[in-house]
Structures are given as C-alpha cells and as structure tokens.
Amino acid sequence: MSNRERSIMSSFDFKKRTVQIGYALMMLALLALAVTMLYPFATTVSSSFKTNQEIFTFPPSLFPHQFQWSNYVEGFKYVDLIRPFINTLLLFGGNAVISLMIVSLAAFSLSQMKLPFRKGITIFIMSTLMIPSATYMIPNFLNLQSLGLIDSYWAFWLPAGASAFNIMLLRSFFDGINKELFEAGRLDGASELRCFFRLAIPMSVPVFSTLLIFAFTSTWNDWFWPSLVLTSPDKYPLATVVYRDVIQSFVMTWNVKFSVLTVIMLPPLLFFLFFQKNIMHGLNLSGVKG
C-alpha cells in the first residue's frame, strides 16, 4: 500500500476538484507561514556577512555581494560571551533539575495518587494559568527580597519549581500511562517513590525532553527578569548581556550586531535538533506496549 493510500485522504479523494483546491490553499498558507517564520532568521544570518552600508541599501538584497567574515571577529572584540554563556548554562541546569524534580513529583501525585481534594487542587492550579505573569512579578520580587535571594541564582531556581503549566502538562502525560502498571508495582511492595522513579520516569523521557526545551528557550531568551533580580554584571546571563551591550550599543555597527545575534541563535537550534527525536517519539508513546 502506498503512502497516499495510508493518509487521511485517499487517491480517489485527490481526484475531486474541491479537494485539490482546498489542498492547494492549505499548502499556500503553510508556505506563507514558513516564509514568515524563516525570513527573520535568514535576514539576520545574511546581514551578518554584509557591510554596514549594504544593509541599508534599497532595494535590499538577501545575499551579500561579498562575505565579510571579519564581522564575527570584530563582534567578539566588543563583547565577551564566554562568562555569560556559562551563567546561562548554570541557570538552565538549576531550572531543569529543580523544575523537573518538584514539578514531576507534584504532577505524579495529582495523577496517580489518591489525594484528598485532588480535583480542587487541580482546578486551582489550572486557574493560575489565567493570571498574567506581569501581575505577580512584583510580589515575586518582594518575596525573593525578603528571603535575601536577590542577586543570586536562587531567584531563578526557586520560582522554576512552581510552574503551573509544567504541572498540568506532566499530569496529562501521566494520566495516559496505564494505572495497572503502578497497581502491579504496589502489589509487589513498591512505594510511591519507587513507582515514580522506576516506572513513571523511564516512560516520560519524551515529555521531559519537551520541558527541557521549554526551560532552555525561556532561560536563553529571558533578559528582563535577570535585569531585575541580578545586580552584579558578572552574574548576567547571555540574553541580558546581549540586550545591554549589543542591542542598546551605539558603538557597534549593525553588521557586527547581526554577527553576534547569529552566534546567539545557534545553541537553541542545536538543542532542539538534539531532542526532537524524543519529542516525535512521544507522539505515539503509550503506557503499555501490546
């Protein structure tokens, strides 16, 4: 059987005029969406190889007339990205460990354990998703200030363990795992923690990979919150340094700025490519394999 016969539309459906028109419109919409999303990346990479005058020429050209590799050398002379890169990795590592451990335990408890008022707790957690994050930014800052955590990485790690979105995402994933697996483990004398570490975690690698990508991209792109809670420049993550020393710089030319931004774009793309197999694998994952 061919791939077309196994798709949602058979070869007979493709012969209909209305289906062909609808399919063509759908492909045009997807193509326009892809161009809209990829054009900023292509412009950034292309501008990093242009001269400053060529960037502002009209009509603009996507490809440079001559590749200026010196833009990258000059960019690293203006700003040091090594220390901010290490700081970003420290922030991501702490966010990942604390978030995955605390959030996953909370989600497993709501999904597989018989807790009192479990539905009420779930509704309360879901209701917090409707609160704009800007409304509790100042209370978070005041709480961290009262705890003496300002200008420390705990100002990032501690709030990471209270993500309602991650709790609900993991809870929905744990709900899809067959409960008979955990019942069998309990009959064999396994505790709830043993069921969690020996049964739930090995089957949750795809969703954990998704959460790692979310944690990495949020840590990599966040510049506003670090600028509020960090006062020491040597603790700044990469996004804050780029915003303060590159985006707001009046010394660097635009082609040099684009070269630095191009380097900044590469790690998130590589991180996603590394974990995408686990995410795709999670689409067809079930609790019990037949």
# chains A, B, ... in the order shown; residues from 1 in each chain; ligands from 1
$ select_by_dssp --residues "region 137-167 of chain A" --states "alpha helix (DSSP H)" --output "list in words"
Met137, Ile138, Pro139, Asn140, Phe141, Leu142, Asn143, Leu144, Gln145, Ser146, Trp154, Ala155, Phe156, Trp157, Leu158, Pro159, Ala160, Ala164, Phe165, Asn166 and Ile167 of chain A
$ closest_atom_pairs --of "region 192-232 of chain A" --to "region 122-142 of chain A" --cutoff "10 Å" --atoms "only C-alpha atoms" --output "JSON lines"
{"residue": "A:Trp225", "atom": "CA", "partner": "A:Met137", "partner_atom": "CA", "distance": 8.7}
{"residue": "A:Leu228", "atom": "CA", "partner": "A:Phe141", "partner_atom": "CA", "distance": 8.2}
{"residue": "A:Val229", "atom": "CA", "partner": "A:Phe141", "partner_atom": "CA", "distance": 7.3}
$ closest_residue --among "A:Asn166, A:Thr217, A:Thr51, A:Asn87" --to "Met265 (chain A)" --atoms "only C-alpha atoms"
A:Thr217
$ closest_residue --among "A:Met101, A:Phe58, A:Val19, A:Tyr78" --to "Ser259 (chain A)" --atoms "only C-alpha atoms"
A:Tyr78
$ residues_around --residues "region 94-100 of chain A" --least-positions-apart "6" --cutoff "7 Å" --atoms "only C-alpha atoms" --output "mmCIF file with all heavy atoms, in the first residue's frame"
data_model
loop_
_atom_site.group_PDB
_atom_site.id
_atom_site.type_symbol
_atom_site.label_atom_id
_atom_site.label_comp_id
_atom_site.auth_asym_id
_atom_site.auth_seq_id
_atom_site.Cartn_x
_atom_site.Cartn_y
_atom_site.Cartn_z
ATOM 1 N N TRP A 157 15.904 29.712 40.273
ATOM 2 C CA TRP A 157 15.655 28.291 40.513
ATOM 3 C C TRP A 157 14.411 28.056 41.363
ATOM 4 O O TRP A 157 13.663 27.113 41.118
ATOM 5 C CB TRP A 157 16.874 27.670 41.179
ATOM 6 C CG TRP A 157 18.113 27.716 40.340
ATOM 7 C CD1 TRP A 157 18.183 27.839 38.985
ATOM 8 C CD2 TRP A 157 19.462 27.651 40.810
ATOM 9 N NE1 TRP A 157 19.489 27.858 38.570
ATOM 10 C CE2 TRP A 157 20.306 27.740 39.660
ATOM 11 C CE3 TRP A 157 20.050 27.537 42.053
ATOM 12 C CZ2 TRP A 157 21.689 27.712 39.747
ATOM 13 C CZ3 TRP A 157 21.443 27.496 42.151
ATOM 14 C CH2 TRP A 157 22.251 27.587 41.004
ATOM 15 N N ALA A 160 11.152 28.402 39.496
ATOM 16 C CA ALA A 160 11.021 27.369 38.461
ATOM 17 C C ALA A 160 10.294 26.134 38.966
ATOM 18 O O ALA A 160 9.725 25.377 38.173
ATOM 19 C CB ALA A 160 12.398 26.984 37.932
ATOM 20 N N GLY A 161 10.297 25.920 40.281
ATOM 21 C CA GLY A 161 9.613 24.758 40.838
ATOM 22 C C GLY A 161 8.128 24.956 41.038
ATOM 23 O O GLY A 161 7.465 24.075 41.585
ATOM 24 N N LEU A 212 12.507 20.266 28.880
ATOM 25 C CA LEU A 212 13.874 20.770 28.815
ATOM 26 C C LEU A 212 14.021 21.831 27.722
ATOM 27 O O LEU A 212 14.723 22.827 27.902
ATOM 28 C CB LEU A 212 14.855 19.623 28.572
ATOM 29 C CG LEU A 212 15.151 18.708 29.757
ATOM 30 C CD1 LEU A 212 16.078 17.572 29.332
ATOM 31 C CD2 LEU A 212 15.776 19.490 30.916
ATOM 32 N N ALA A 215 12.428 24.947 29.051
ATOM 33 C CA ALA A 215 13.290 25.577 30.057
ATOM 34 C C ALA A 215 14.501 26.235 29.410
ATOM 35 O O ALA A 215 14.920 27.329 29.807
ATOM 36 C CB ALA A 215 13.735 24.533 31.084
#
$ closest_residue --among "A:Met168, A:Ser46, A:Asn143, A:Glu74" --to "Ser61 (chain A)" --atoms "only C-alpha atoms"
A:Ser46
$ closest_residue --among "A:Phe174, A:Ser204, A:Phe14, A:Val260" --to "Asp245 (chain A)" --atoms "only C-alpha atoms"
A:Val260
